[in-house]
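Text of model.tsv, listed as TSV, C-alpha atoms:
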```
chain	number	residue	atom	x	y	z
A	373	MET	CA	-28.52	-129.29	-19.62
A	374	PRO	CA	-29.54	-127.56	-22.91
A	375	ASP	CA	-27.14	-128.25	-25.77
A	376	GLU	CA	-26.39	-124.54	-26.39
A	377	PHE	CA	-25.36	-124.13	-22.75
A	378	ALA	CA	-23.09	-127.15	-22.99
A	379	VAL	CA	-21.35	-125.59	-25.99
A	380	ILE	CA	-21.24	-121.92	-25.03
A	381	ALA	CA	-20.72	-121.89	-21.25
A	382	PRO	CA	-17.21	-122.24	-19.82
A	383	PRO	CA	-16.46	-125.48	-17.96
A	384	ARG	CA	-16.70	-123.96	-14.46
A	385	ALA	CA	-20.21	-122.64	-15.10
A	386	ARG	CA	-21.28	-125.97	-16.64
A	387	ILE	CA	-19.91	-127.91	-13.65
A	388	LEU	CA	-21.72	-125.60	-11.22
A	389	ALA	CA	-24.99	-125.91	-13.17
A	390	ALA	CA	-24.72	-129.71	-13.20
A	391	ALA	CA	-23.88	-129.78	-9.46
A	392	ARG	CA	-26.84	-127.46	-8.75
A	393	ASP	CA	-29.20	-129.83	-10.54
A	394	LEU	CA	-27.81	-133.16	-9.32
A	395	PHE	CA	-27.15	-132.21	-5.67
A	396	HIS	CA	-30.65	-130.77	-5.46
A	397	ARG	CA	-32.31	-133.89	-6.83
A	398	HIS	CA	-30.19	-136.64	-5.30
A	399	GLY	CA	-28.52	-135.06	-2.28
A	400	LEU	CA	-24.84	-134.30	-1.68
A	401	ARG	CA	-23.90	-137.87	-0.89
A	402	GLY	CA	-26.14	-139.33	-3.56
A	403	VAL	CA	-23.97	-137.89	-6.35
A	404	GLY	CA	-20.27	-138.35	-7.08
A	405	VAL	CA	-17.93	-135.97	-8.89
A	406	ASP	CA	-17.80	-138.38	-11.86
A	407	ALA	CA	-21.54	-138.01	-12.46
A	408	ILE	CA	-21.29	-134.23	-12.14
A	409	ALA	CA	-18.36	-134.03	-14.57
A	410	GLU	CA	-20.22	-136.23	-17.06
A	411	ALA	CA	-23.43	-134.20	-16.79
A	412	ALA	CA	-21.35	-131.05	-17.33
A	413	GLY	CA	-19.90	-132.51	-20.53
A	414	THR	CA	-16.39	-132.54	-19.10
A	415	ASN	CA	-14.18	-134.84	-17.03
A	416	LYS	CA	-13.04	-135.28	-13.43
A	417	MET	CA	-9.63	-133.76	-14.09
A	418	THR	CA	-11.17	-130.53	-15.36
A	419	LEU	CA	-13.57	-130.52	-12.41
A	420	TYR	CA	-10.66	-130.77	-9.97
A	421	ARG	CA	-8.85	-127.95	-11.80
A	422	HIS	CA	-11.77	-125.67	-10.92
A	423	PHE	CA	-12.69	-127.11	-7.52
A	424	GLU	CA	-9.98	-128.56	-5.28
A	425	SER	CA	-12.36	-131.08	-3.72
A	426	LYS	CA	-16.00	-132.18	-3.66
A	427	ASP	CA	-16.36	-130.12	-0.47
A	428	GLU	CA	-15.22	-126.99	-2.30
A	429	LEU	CA	-17.78	-127.72	-5.03
A	430	ILE	CA	-20.47	-128.18	-2.36
A	431	VAL	CA	-19.62	-124.78	-0.86
A	432	ALA	CA	-19.76	-123.13	-4.31
A	433	TYR	CA	-23.12	-124.83	-4.99
A	434	LEU	CA	-24.53	-123.55	-1.68
A	435	ARG	CA	-23.31	-120.02	-2.44
A	436	GLY	CA	-25.26	-120.29	-5.69
A	437	VAL	CA	-28.39	-121.30	-3.77
A	438	VAL	CA	-28.04	-118.25	-1.54
A	439	SER	CA	-27.52	-116.03	-4.55
A	440	GLU	CA	-30.86	-117.32	-5.93
A	441	ALA	CA	-32.54	-116.55	-2.59
A	442	ASP	CA	-31.09	-113.03	-2.70
A	443	ASP	CA	-32.56	-112.60	-6.20
A	444	ILE	CA	-36.00	-113.55	-4.85
A	445	TRP	CA	-35.70	-111.00	-2.03
A	446	ARG	CA	-34.69	-108.31	-4.52
A	447	LYS	CA	-37.65	-109.24	-6.75
A	448	ILE	CA	-40.03	-109.04	-3.78
A	449	GLU	CA	-38.73	-105.55	-2.96
A	450	ARG	CA	-38.78	-104.38	-6.58
A	451	GLU	CA	-42.35	-105.57	-7.13
A	452	ASN	CA	-43.64	-103.94	-3.94
A	453	PRO	CA	-41.66	-100.69	-3.66
A	454	ASP	CA	-42.07	-98.90	-0.31
A	455	ASP	CA	-44.80	-101.37	0.66
A	456	ALA	CA	-43.58	-103.61	3.48
A	457	GLN	CA	-47.02	-105.20	3.96
A	458	GLY	CA	-47.12	-106.06	0.26
A	459	GLN	CA	-43.59	-107.44	0.50
A	460	LEU	CA	-44.62	-109.67	3.39
A	461	ARG	CA	-47.61	-110.98	1.40
A	462	SER	CA	-45.29	-111.60	-1.55
A	463	TRP	CA	-42.79	-113.41	0.73
A	464	LEU	CA	-45.63	-115.66	1.95
A	465	LYS	CA	-46.71	-116.43	-1.60
A	466	ARG	CA	-43.20	-117.34	-2.66
A	467	ALA	CA	-42.68	-119.43	0.47
A	468	GLU	CA	-45.86	-121.32	-0.39
A	469	GLU	CA	-44.61	-121.86	-3.95
A	470	CYS	CA	-41.30	-123.23	-2.61
A	471	ILE	CA	-43.22	-125.85	-0.64
A	472	THR	CA	-45.73	-126.93	-3.25
A	473	VAL	CA	-43.74	-126.73	-6.48
A	474	ASP	CA	-40.57	-128.40	-5.25
A	475	GLY	CA	-40.85	-131.51	-3.12
A	476	ARG	CA	-37.15	-131.64	-2.35
A	477	GLY	CA	-37.22	-128.89	0.29
A	478	CYS	CA	-34.53	-126.36	1.12
A	479	ASP	CA	-31.06	-127.11	-0.26
A	480	LEU	CA	-29.36	-125.45	2.71
A	481	ALA	CA	-31.39	-127.38	5.30
A	482	ASN	CA	-30.95	-130.64	3.39
A	483	ALA	CA	-27.21	-130.04	3.18
A	484	ALA	CA	-27.06	-129.50	6.96
A	485	VAL	CA	-28.80	-132.86	7.44
A	486	GLU	CA	-26.27	-134.61	5.21
A	487	LEU	CA	-23.09	-132.88	6.36
A	488	THR	CA	-22.89	-134.43	9.80
A	489	GLU	CA	-19.21	-133.62	10.43
A	490	ALA	CA	-19.15	-130.73	12.93
A	491	GLY	CA	-16.17	-129.07	11.24
A	492	HIS	CA	-17.37	-129.33	7.63
A	493	PRO	CA	-16.54	-126.05	5.84
A	494	ALA	CA	-20.12	-125.75	4.54
A	495	ARG	CA	-21.72	-125.88	8.00
A	496	ARG	CA	-20.59	-122.40	9.12
A	497	LEU	CA	-21.70	-121.05	5.75
A	498	ILE	CA	-25.16	-122.63	6.06
A	499	GLU	CA	-25.61	-121.27	9.60
A	500	LYS	CA	-24.57	-117.77	8.46
A	501	MET	CA	-26.96	-117.91	5.49
A	502	LYS	CA	-29.88	-119.19	7.54
A	503	THR	CA	-29.31	-116.47	10.16
A	504	GLU	CA	-29.24	-113.79	7.45
A	505	GLN	CA	-32.50	-115.06	5.91
A	506	ARG	CA	-34.21	-115.03	9.29
A	507	ASP	CA	-32.91	-111.53	10.11
A	508	ARG	CA	-34.06	-110.27	6.73
A	509	LEU	CA	-37.55	-111.58	7.46
A	510	ALA	CA	-37.51	-110.00	10.95
A	511	ASN	CA	-36.55	-106.68	9.37
A	512	LEU	CA	-39.44	-107.00	6.89
A	513	CYS	CA	-41.92	-107.80	9.70
A	514	ARG	CA	-40.65	-104.75	11.62
A	515	ARG	CA	-41.00	-102.49	8.57
A	516	ALA	CA	-44.53	-103.87	8.05
A	517	GLY	CA	-45.33	-102.42	11.49
A	518	ILE	CA	-46.07	-105.74	13.15
A	519	PRO	CA	-45.29	-105.83	16.87
A	520	LYS	CA	-42.88	-108.45	18.18
A	521	SER	CA	-41.38	-108.72	14.71
A	522	GLU	CA	-38.47	-110.81	16.02
A	523	VAL	CA	-40.80	-113.44	17.49
A	524	LEU	CA	-42.94	-113.40	14.35
A	525	ALA	CA	-39.86	-113.96	12.16
A	526	ASP	CA	-38.82	-116.94	14.30
A	527	THR	CA	-42.33	-118.39	14.11
A	528	LEU	CA	-42.65	-117.96	10.34
A	529	THR	CA	-39.15	-119.40	9.88
A	530	LEU	CA	-40.02	-122.49	11.93
A	531	LEU	CA	-43.30	-122.94	10.03
A	532	LEU	CA	-41.56	-122.66	6.65
A	533	GLU	CA	-38.63	-124.90	7.60
A	534	GLY	CA	-41.12	-127.37	9.05
A	535	ALA	CA	-43.29	-127.32	5.95
A	536	ARG	CA	-40.35	-127.88	3.60
A	537	VAL	CA	-39.03	-130.85	5.56
A	538	SER	CA	-42.52	-132.22	6.29
A	539	ARG	CA	-43.33	-132.11	2.56
A	540	GLN	CA	-40.55	-134.67	2.12
A	541	SER	CA	-41.42	-136.93	5.05
A	542	ALA	CA	-45.23	-136.71	5.30
A	543	GLY	CA	-46.05	-136.07	1.64
A	544	CYS	CA	-47.81	-133.18	-0.07
A	545	ASN	CA	-51.15	-133.74	1.69
A	546	GLY	CA	-49.59	-133.65	5.17
A	547	PRO	CA	-49.11	-130.63	7.47
A	548	SER	CA	-47.06	-128.80	4.82
A	549	SER	CA	-50.31	-128.21	2.90
A	550	LYS	CA	-51.47	-126.09	5.87
A	551	PHE	CA	-48.46	-123.77	5.77
A	552	ILE	CA	-50.13	-120.77	4.15
A	553	ALA	CA	-53.27	-120.91	6.32
A	554	THR	CA	-51.19	-121.33	9.47
A	555	ALA	CA	-48.75	-118.55	8.60
A	556	GLU	CA	-51.56	-116.13	7.70
A	557	THR	CA	-53.34	-116.87	10.99
A	558	VAL	CA	-50.13	-116.26	12.93
A	559	ILE	CA	-49.53	-112.93	11.15
A	560	GLU	CA	-53.13	-111.83	11.80
A	561	THR	CA	-52.79	-112.78	15.48
A	562	PHE	CA	-49.65	-110.67	15.79
A	563	LYS	CA	-51.31	-107.77	13.96
A	564	ALA	CA	-54.41	-108.00	16.18
A	565	LYS	CA	-52.21	-107.50	19.21
A	566	ALA	CA	-51.14	-104.17	17.74
A	567	LYS	CA	-54.68	-102.75	17.46
A	568	PRO	CA	-55.68	-100.58	20.42
A	569	LYS	CA	-58.42	-102.57	22.13
A	570	VAL	CA	-61.57	-100.93	23.44
A	571	SER	CA	-62.35	-103.09	26.42
A	572	GLY	CA	-65.76	-103.57	27.96
A	573	LYS	CA	-64.67	-101.55	30.99
A	574	ALA	CA	-63.43	-98.67	28.86
A	575	LEU	CA	-66.74	-98.67	26.98
A	576	LEU	CA	-68.66	-98.55	30.23
A	577	ARG	CA	-66.51	-95.66	31.47
A	578	LYS	CA	-67.07	-93.85	28.18
A	579	ARG	CA	-70.85	-94.36	28.39
A	580	ALA	CA	-70.88	-93.24	32.03
A	581	SER	CA	-68.97	-90.00	31.39
B	950	MET	CA	-21.61	-150.46	22.44
B	951	PRO	CA	-21.13	-151.72	26.03
B	952	ASP	CA	-19.00	-154.86	26.22
B	953	GLU	CA	-21.67	-156.90	28.03
B	954	PHE	CA	-24.15	-156.11	25.24
B	955	ALA	CA	-21.62	-157.21	22.64
B	956	VAL	CA	-21.23	-160.55	24.40
B	957	ILE	CA	-24.80	-161.29	25.50
B	958	ALA	CA	-27.00	-159.89	22.70
B	959	PRO	CA	-27.65	-161.97	19.59
B	960	PRO	CA	-26.08	-160.70	16.34
B	961	ARG	CA	-29.33	-159.28	14.91
B	962	ALA	CA	-29.90	-157.08	17.99
B	963	ARG	CA	-26.26	-155.96	17.99
B	964	ILE	CA	-26.42	-155.05	14.30
B	965	LEU	CA	-29.63	-153.07	14.86
B	966	ALA	CA	-28.14	-151.24	17.86
B	967	ALA	CA	-25.02	-150.34	15.86
B	968	ALA	CA	-27.13	-149.19	12.89
B	969	ARG	CA	-29.33	-147.10	15.24
B	970	ASP	CA	-26.27	-145.32	16.62
B	971	LEU	CA	-24.29	-144.86	13.39
B	972	PHE	CA	-27.19	-143.93	11.07
B	973	HIS	CA	-28.36	-141.38	13.64
B	974	ARG	CA	-24.95	-139.73	13.96
B	975	HIS	CA	-23.66	-139.92	10.39
B	976	GLY	CA	-26.75	-140.28	8.22
B	977	LEU	CA	-27.83	-143.23	6.09
B	978	ARG	CA	-25.40	-142.55	3.29
B	979	GLY	CA	-22.60	-141.58	5.63
B	980	VAL	CA	-22.27	-145.15	6.92
B	981	GLY	CA	-21.62	-148.39	5.07
B	982	VAL	CA	-22.62	-151.90	6.09
B	983	ASP	CA	-18.95	-152.72	6.79
B	984	ALA	CA	-18.76	-150.06	9.51
B	985	ILE	CA	-22.05	-151.27	11.01
B	986	ALA	CA	-20.94	-154.92	11.04
B	987	GLU	CA	-17.65	-153.93	12.65
B	988	ALA	CA	-19.33	-151.77	15.32
B	989	ALA	CA	-21.69	-154.70	16.02
B	990	GLY	CA	-18.72	-157.00	16.58
B	991	THR	CA	-19.66	-159.19	13.62
B	992	ASN	CA	-19.03	-159.28	9.87
B	993	LYS	CA	-20.76	-158.33	6.64
B	994	MET	CA	-21.77	-161.92	5.87
B	995	THR	CA	-23.63	-162.24	9.16
B	996	LEU	CA	-25.23	-158.84	8.58
B	997	TYR	CA	-26.53	-159.97	5.20
B	998	ARG	CA	-27.87	-163.19	6.74
B	999	HIS	CA	-30.14	-161.07	8.94
B	1000	PHE	CA	-30.87	-158.24	6.51
B	1001	GLU	CA	-31.06	-158.91	2.79
B	1002	SER	CA	-29.80	-155.44	1.89
B	1003	LYS	CA	-28.79	-152.10	3.38
B	1004	ASP	CA	-32.28	-150.87	2.49
B	1005	GLU	CA	-33.85	-153.64	4.57
B	1006	LEU	CA	-31.59	-152.65	7.48
B	1007	ILE	CA	-32.64	-149.01	7.03
B	1008	VAL	CA	-36.32	-150.00	7.21
B	1009	ALA	CA	-35.70	-152.05	10.38
B	1010	TYR	CA	-33.78	-149.13	11.91
B	1011	LEU	CA	-36.67	-146.73	11.16
B	1012	ARG	CA	-39.17	-149.18	12.67
B	1013	GLY	CA	-37.01	-149.08	15.82
B	1014	VAL	CA	-37.17	-145.27	15.84
B	1015	VAL	CA	-40.97	-145.40	15.64
B	1016	SER	CA	-41.08	-147.95	18.42
B	1017	GLU	CA	-39.12	-145.50	20.62
B	1018	ALA	CA	-41.58	-142.72	19.74
B	1019	ASP	CA	-44.47	-145.04	20.71
B	1020	ASP	CA	-42.77	-145.66	24.07
B	1021	ILE	CA	-42.63	-141.90	24.68
B	1022	TRP	CA	-46.35	-141.55	23.88
B	1023	ARG	CA	-47.16	-144.39	26.26
B	1024	LYS	CA	-45.03	-142.77	28.96
B	1025	ILE	CA	-46.79	-139.43	28.47
B	1026	GLU	CA	-50.18	-141.15	28.87
B	1027	ARG	CA	-49.05	-143.22	31.87
B	1028	GLU	CA	-47.63	-140.19	33.69
B	1029	ASN	CA	-50.75	-138.09	33.11
B	1030	PRO	CA	-53.65	-140.55	33.37
B	1031	ASP	CA	-57.00	-139.12	32.28
B	1032	ASP	CA	-55.43	-135.66	31.99
B	1033	ALA	CA	-55.24	-134.60	28.36
B	1034	GLN	CA	-54.08	-131.07	29.21
B	1035	GLY	CA	-51.26	-132.55	31.29
B	1036	GLN	CA	-50.39	-134.91	28.45
B	1037	LEU	CA	-50.17	-131.98	26.04
B	1038	ARG	CA	-47.85	-130.10	28.44
B	1039	SER	CA	-45.76	-133.26	28.75
B	1040	TRP	CA	-45.67	-133.64	24.95
B	1041	LEU	CA	-44.41	-130.06	24.65
B	1042	LYS	CA	-41.71	-130.66	27.25
B	1043	ARG	CA	-40.49	-133.79	25.49
B	1044	ALA	CA	-40.59	-132.06	22.11
B	1045	GLU	CA	-38.42	-129.31	23.58
B	1046	GLU	CA	-36.01	-131.91	24.95
B	1047	CYS	CA	-35.76	-133.54	21.51
B	1048	ILE	CA	-34.67	-130.22	20.03
B	1049	THR	CA	-32.19	-129.11	22.66
B	1050	VAL	CA	-30.59	-132.38	23.74
B	1051	ASP	CA	-30.05	-133.88	20.31
B	1052	GLY	CA	-28.67	-131.68	17.56
B	1053	ARG	CA	-29.20	-134.29	14.85
B	1054	GLY	CA	-32.93	-133.75	14.51
B	1055	CYS	CA	-35.58	-136.33	13.65
B	1056	ASP	CA	-34.32	-139.63	12.21
B	1057	LEU	CA	-37.43	-140.07	10.08
B	1058	ALA	CA	-37.26	-136.56	8.60
B	1059	ASN	CA	-33.50	-136.87	8.02
B	1060	ALA	CA	-34.03	-140.22	6.31
B	1061	ALA	CA	-36.64	-138.68	3.99
B	1062	VAL	CA	-34.09	-135.99	3.03
B	1063	GLU	CA	-31.48	-138.63	2.20
B	1064	LEU	CA	-33.69	-141.20	0.48
B	1065	THR	CA	-34.38	-139.22	-2.66
B	1066	GLU	CA	-35.55	-142.17	-4.80
B	1067	ALA	CA	-39.35	-141.88	-5.06
B	1068	GLY	CA	-39.87	-145.63	-4.84
B	1069	HIS	CA	-37.55	-146.35	-1.91
B	1070	PRO	CA	-39.24	-148.88	0.42
B	1071	ALA	CA	-38.60	-146.66	3.46
B	1072	ARG	CA	-40.41	-143.62	2.04
B	1073	ARG	CA	-43.93	-145.05	2.34
B	1074	LEU	CA	-43.08	-146.20	5.86
B	1075	ILE	CA	-41.83	-142.71	6.86
B	1076	GLU	CA	-44.96	-141.05	5.44
B	1077	LYS	CA	-47.20	-143.49	7.31
B	1078	MET	CA	-45.32	-142.96	10.57
B	1079	LYS	CA	-45.32	-139.17	10.26
B	1080	THR	CA	-49.06	-139.18	9.52
B	1081	GLU	CA	-49.72	-141.36	12.57
B	1082	GLN	CA	-47.67	-139.06	14.84
B	1083	ARG	CA	-49.56	-136.02	13.59
B	1084	ASP	CA	-52.95	-137.76	14.01
B	1085	ARG	CA	-52.02	-138.83	17.53
B	1086	LEU	CA	-51.22	-135.21	18.39
B	1087	ALA	CA	-54.51	-134.02	16.85
B	1088	ASN	CA	-56.36	-136.58	18.95
B	1089	LEU	CA	-54.57	-135.31	22.07
B	1090	CYS	CA	-55.43	-131.67	21.26
B	1091	ARG	CA	-59.07	-132.69	20.76
B	1092	ARG	CA	-59.17	-134.58	24.07
B	1093	ALA	CA	-57.60	-131.51	25.74
B	1094	GLY	CA	-60.73	-129.63	24.64
B	1095	ILE	CA	-58.91	-127.21	22.34
B	1096	PRO	CA	-61.00	-126.01	19.40
B	1097	LYS	CA	-59.69	-126.55	15.88
B	1098	SER	CA	-57.56	-129.40	17.18
B	1099	GLU	CA	-56.70	-130.51	13.63
B	1100	VAL	CA	-55.29	-127.11	12.70
B	1101	LEU	CA	-53.46	-126.89	16.02
B	1102	ALA	CA	-51.87	-130.30	15.45
B	1103	ASP	CA	-50.68	-129.23	11.99
B	1104	THR	CA	-49.24	-126.01	13.40
B	1105	LEU	CA	-47.44	-127.71	16.28
B	1106	THR	CA	-46.13	-130.38	13.90
B	1107	LEU	CA	-44.73	-127.73	11.54
B	1108	LEU	CA	-43.14	-125.84	14.44
B	1109	LEU	CA	-41.51	-128.99	15.82
B	1110	GLU	CA	-40.32	-130.26	12.44
B	1111	GLY	CA	-39.04	-126.76	11.68
B	1112	ALA	CA	-37.22	-126.51	15.02
B	1113	ARG	CA	-35.54	-129.90	14.60
B	1114	VAL	CA	-34.28	-129.12	11.11
B	1115	SER	CA	-33.43	-125.51	11.94
B	1116	ARG	CA	-31.36	-126.68	14.93
B	1117	GLN	CA	-29.14	-128.40	12.39
B	1118	SER	CA	-28.91	-125.59	9.84
B	1119	ALA	CA	-29.07	-122.41	11.96
B	1120	GLY	CA	-27.48	-123.71	15.16
B	1121	CYS	CA	-28.80	-123.98	18.70
B	1122	ASN	CA	-29.22	-120.21	19.17
B	1123	GLY	CA	-31.34	-119.82	16.03
B	1124	PRO	CA	-35.14	-120.00	15.70
B	1125	SER	CA	-35.22	-123.53	17.17
B	1126	SER	CA	-34.48	-121.98	20.59
B	1127	LYS	CA	-37.86	-120.22	20.32
B	1128	PHE	CA	-39.85	-123.42	19.80
B	1129	ILE	CA	-41.30	-123.75	23.29
B	1130	ALA	CA	-42.29	-120.07	23.59
B	1131	THR	CA	-43.83	-120.13	20.11
B	1132	ALA	CA	-45.72	-123.39	20.65
B	1133	GLU	CA	-47.09	-122.24	24.03
B	1134	THR	CA	-48.27	-118.96	22.51
B	1135	VAL	CA	-50.00	-120.84	19.69
B	1136	ILE	CA	-51.74	-123.19	22.14
B	1137	GLU	CA	-52.87	-120.25	24.31
B	1138	THR	CA	-54.21	-118.46	21.23
B	1139	PHE	CA	-56.24	-121.52	20.24
B	1140	LYS	CA	-57.51	-121.92	23.81
B	1141	ALA	CA	-58.45	-118.22	24.01
B	1142	LYS	CA	-60.68	-118.68	20.99
B	1143	ALA	CA	-62.63	-121.26	22.98
B	1144	LYS	CA	-63.49	-118.91	25.86
B	1145	PRO	CA	-66.87	-117.21	25.56
B	1146	LYS	CA	-66.03	-113.56	25.04
B	1147	VAL	CA	-67.95	-110.80	26.79
B	1148	SER	CA	-67.83	-108.04	24.22
B	1149	GLY	CA	-68.15	-104.34	24.93
B	1150	LYS	CA	-71.58	-104.34	23.28
B	1151	ALA	CA	-72.80	-107.24	25.41
B	1152	LEU	CA	-71.61	-105.49	28.54
B	1153	LEU	CA	-73.47	-102.32	27.55
B	1154	ARG	CA	-76.64	-104.34	26.91
B	1155	LYS	CA	-76.23	-106.02	30.30
B	1156	ARG	CA	-75.79	-102.67	32.06
B	1157	ALA	CA	-78.80	-101.18	30.20
B	1158	SER	CA	-81.15	-104.02	31.12
```

Take the structure from the file and write it as structure tokens.
Amino acid sequence: MPDEFAVIAPPRARILAAARDLFHRHGLRGVGVDAIAEAAGTNKMTLYRHFESKDELIVAYLRGVVSEADDIWRKIERENPDDAQGQLRSWLKRAEECITVDGRGCDLANAAVELTEAGHPARRLIEKMKTEQRDRLANLCRRAGIPKSEVLADTLTLLLEGARVSRQSAGCNGPSSKFIATAETVIETFKAKAKPKVSGKALLRKRAS
Amino acid sequence: MPDEFAVIAPPRARILAAARDLFHRHGLRGVGVDAIAEAAGTNKMTLYRHFESKDELIVAYLRGVVSEADDIWRKIERENPDDAQGQLRSWLKRAEECITVDGRGCDLANAAVELTEAGHPARRLIEKMKTEQRDRLANLCRRAGIPKSEVLADTLTLLLEGARVSRQSAGCNGPSSKFIATAETVIETFKAKAKPKVSGKALLRKRAS
């Protein structure tokens, strides 16, 4: 954490920033509240004044992750105004960046892997967030005029989720390195289905008339 | 663990069986060696006589997971002798079962998410195993006569990895429920590319001659 931040930011913000960094790098169970408090330049008592439990801190951290994802969506829309096809290309590019730049994968998916208790308060939140992301992508595919936008969104979601987890298990030269090529091929295949086809038979009829 | 197993099996096998069950359900960091020793009907000292450390137990557990995957591959080949297309259909069916029956996803992928230390002894093992699984699938696609079998294997791998992790984060009604439909469509698309196409132009030439 930069020194200025440690001095200027209020404790809650510092704790959240430290949790964001440490949970991302070491996992939820790989980091204790002591380490987070220390990295935030504060102590456990202060941490517990702001967050009742580690679980509450985890939920706040995940809300922060979603807020970052929302920022990316807004940036994609702002940079490609009224251009759904451009937005989809931009989404792809950013998805690719997520995979290659950061080997730790998706914080929400990783959290779901670690939080095995069915009733954990973060699980409902993660499911809600993942569903919203997928629906947002389906909406973009629909606006881009691609047929079967719902199926395309599911496919692209599976490819991206797969690439982010495969990057961690099979390394950066594994199947995750094929994400962009695969996703582009899938999009083109869906688009091709939309084009009115002139079949051989139709051509023959046309020639005969 | 069934009572007979607890009585008959030697300690090492009981410890491995308990680790297999507990690590799978609660994650590697969600379970301590005490809990494993207790579930195996033994104690920590005996556990450490068979496995030098928790990390060594984790590696042995992951080797067991791979051995199970090998058994499935052998079963697929035995049930569809000299029929690569049948083997691929069988692979798909079993992949689908993995996703729907077991909400905890892939043990190897989950382990990679939890073992964040770059030098952890299990990480190289996981990468090797994941690469072998992917290569085995590519070999099957090639034997099934599907063009671009390498690309197809990467795509199917990403879809399956994505479905298994998405099942955990987005629930059983999320994109993971579309795995089989998506994978079948992808396979059909690859197969279609293999068929010699009779284009409109070719038909016209044929008619003209």

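Of the listed residues (A:Ile518, A:Ala484, A:Cys513, A:Ala467), A:Ala467 comes nearest to Ser549 in chain A; the distances count only C-alpha atoms.
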
Closest pair table for range 1027-1087 of chain B residues within 8 Å of range 399-403 of chain A, all atoms listed in the file, as JSON lines:
```
{"residue": "B:Val1062", "atom": "CA", "partner": "A:Gly399", "partner_atom": "CA", "distance": 7.8}
{"residue": "B:Glu1063", "atom": "CA", "partner": "A:Gly399", "partner_atom": "CA", "distance": 6.4}
{"residue": "B:Thr1065", "atom": "CA", "partner": "A:Gly399", "partner_atom": "CA", "distance": 7.2}
```

Write the selection just made, keeping C-alpha atoms, as an mmCIF file, in the frame of the given file?
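To be explicit, this is the file written out as result04.cif:
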```cif
data_model
loop_
_atom_site.group_PDB
_atom_site.id
_atom_site.type_symbol
_atom_site.label_atom_id
_atom_site.label_comp_id
_atom_site.auth_asym_id
_atom_site.auth_seq_id
_atom_site.Cartn_x
_atom_site.Cartn_y
_atom_site.Cartn_z
ATOM 1 C CA VAL B 1062 -34.090 -135.990 3.030
ATOM 2 C CA GLU B 1063 -31.480 -138.630 2.200
ATOM 3 C CA THR B 1065 -34.380 -139.220 -2.660
#
```

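The two atoms in question, CA of Ala1112 in chain B and CA of Phe1128 in chain B, are spaced 6.3 Å apart.
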
Which residues of chain B have any atom within 7 Å of an atom in chain A when counting all atoms listed in the file, and what is the closest pair of atoms for each, with the distance in Å to one decimal? Order the rows by chain and rising number and write it as JSON lines.
```
{"residue": "B:His975", "atom": "CA", "partner": "A:Thr488", "partner_atom": "CA", "distance": 5.6}
{"residue": "B:Gly976", "atom": "CA", "partner": "A:Glu486", "partner_atom": "CA", "distance": 6.4}
{"residue": "B:Arg978", "atom": "CA", "partner": "A:Arg401", "partner_atom": "CA", "distance": 6.5}
{"residue": "B:Ala1058", "atom": "CA", "partner": "A:Ser541", "partner_atom": "CA", "distance": 5.5}
{"residue": "B:Asn1059", "atom": "CA", "partner": "A:Val485", "partner_atom": "CA", "distance": 6.2}
{"residue": "B:Ala1061", "atom": "CA", "partner": "A:Ser541", "partner_atom": "CA", "distance": 5.2}
{"residue": "B:Val1062", "atom": "CA", "partner": "A:Asn482", "partner_atom": "CA", "distance": 6.2}
{"residue": "B:Glu1063", "atom": "CA", "partner": "A:Gly399", "partner_atom": "CA", "distance": 6.4}
{"residue": "B:Thr1065", "atom": "CA", "partner": "A:His398", "partner_atom": "CA", "distance": 5.6}
{"residue": "B:Ile1075", "atom": "CA", "partner": "A:Ser541", "partner_atom": "CA", "distance": 6.1}
{"residue": "B:Glu1076", "atom": "CA", "partner": "A:Ala542", "partner_atom": "CA", "distance": 4.4}
{"residue": "B:Lys1079", "atom": "CA", "partner": "A:Ala542", "partner_atom": "CA", "distance": 5.5}
{"residue": "B:Thr1080", "atom": "CA", "partner": "A:Ala542", "partner_atom": "CA", "distance": 6.2}
{"residue": "B:Asp1103", "atom": "CA", "partner": "A:Pro547", "partner_atom": "CA", "distance": 5.0}
{"residue": "B:Thr1104", "atom": "CA", "partner": "A:Thr554", "partner_atom": "CA", "distance": 6.4}
{"residue": "B:Leu1107", "atom": "CA", "partner": "A:Gly534", "partner_atom": "CA", "distance": 4.4}
{"residue": "B:Leu1108", "atom": "CA", "partner": "A:Leu530", "partner_atom": "CA", "distance": 5.2}
{"residue": "B:Leu1109", "atom": "CA", "partner": "A:Gly534", "partner_atom": "CA", "distance": 7.0}
{"residue": "B:Glu1110", "atom": "CA", "partner": "A:Gly534", "partner_atom": "CA", "distance": 4.5}
{"residue": "B:Gly1111", "atom": "CA", "partner": "A:Gly534", "partner_atom": "CA", "distance": 3.4}
{"residue": "B:Ala1112", "atom": "CA", "partner": "A:Leu530", "partner_atom": "CA", "distance": 5.8}
{"residue": "B:Val1114", "atom": "CA", "partner": "A:Ala481", "partner_atom": "CA", "distance": 6.7}
{"residue": "B:Ser1115", "atom": "CA", "partner": "A:Glu533", "partner_atom": "CA", "distance": 6.8}
{"residue": "B:Gln1117", "atom": "CA", "partner": "A:Ala484", "partner_atom": "CA", "distance": 5.9}
{"residue": "B:Ser1118", "atom": "CA", "partner": "A:Ala484", "partner_atom": "CA", "distance": 5.2}
{"residue": "B:Ala1119", "atom": "CA", "partner": "A:Glu499", "partner_atom": "CA", "distance": 4.3}
{"residue": "B:Gly1120", "atom": "CA", "partner": "A:Glu499", "partner_atom": "CA", "distance": 6.4}
{"residue": "B:Pro1124", "atom": "CA", "partner": "A:Asp526", "partner_atom": "CA", "distance": 5.0}
{"residue": "B:Lys1127", "atom": "CA", "partner": "A:Asp526", "partner_atom": "CA", "distance": 6.9}
{"residue": "B:Thr1131", "atom": "CA", "partner": "A:Thr527", "partner_atom": "CA", "distance": 6.4}
{"residue": "B:Ser1148", "atom": "CA", "partner": "A:Gly572", "partner_atom": "CA", "distance": 6.2}
{"residue": "B:Gly1149", "atom": "CA", "partner": "A:Gly572", "partner_atom": "CA", "distance": 3.9}
{"residue": "B:Leu1152", "atom": "CA", "partner": "A:Gly572", "partner_atom": "CA", "distance": 6.2}
{"residue": "B:Leu1153", "atom": "CA", "partner": "A:Leu576", "partner_atom": "CA", "distance": 6.7}
```
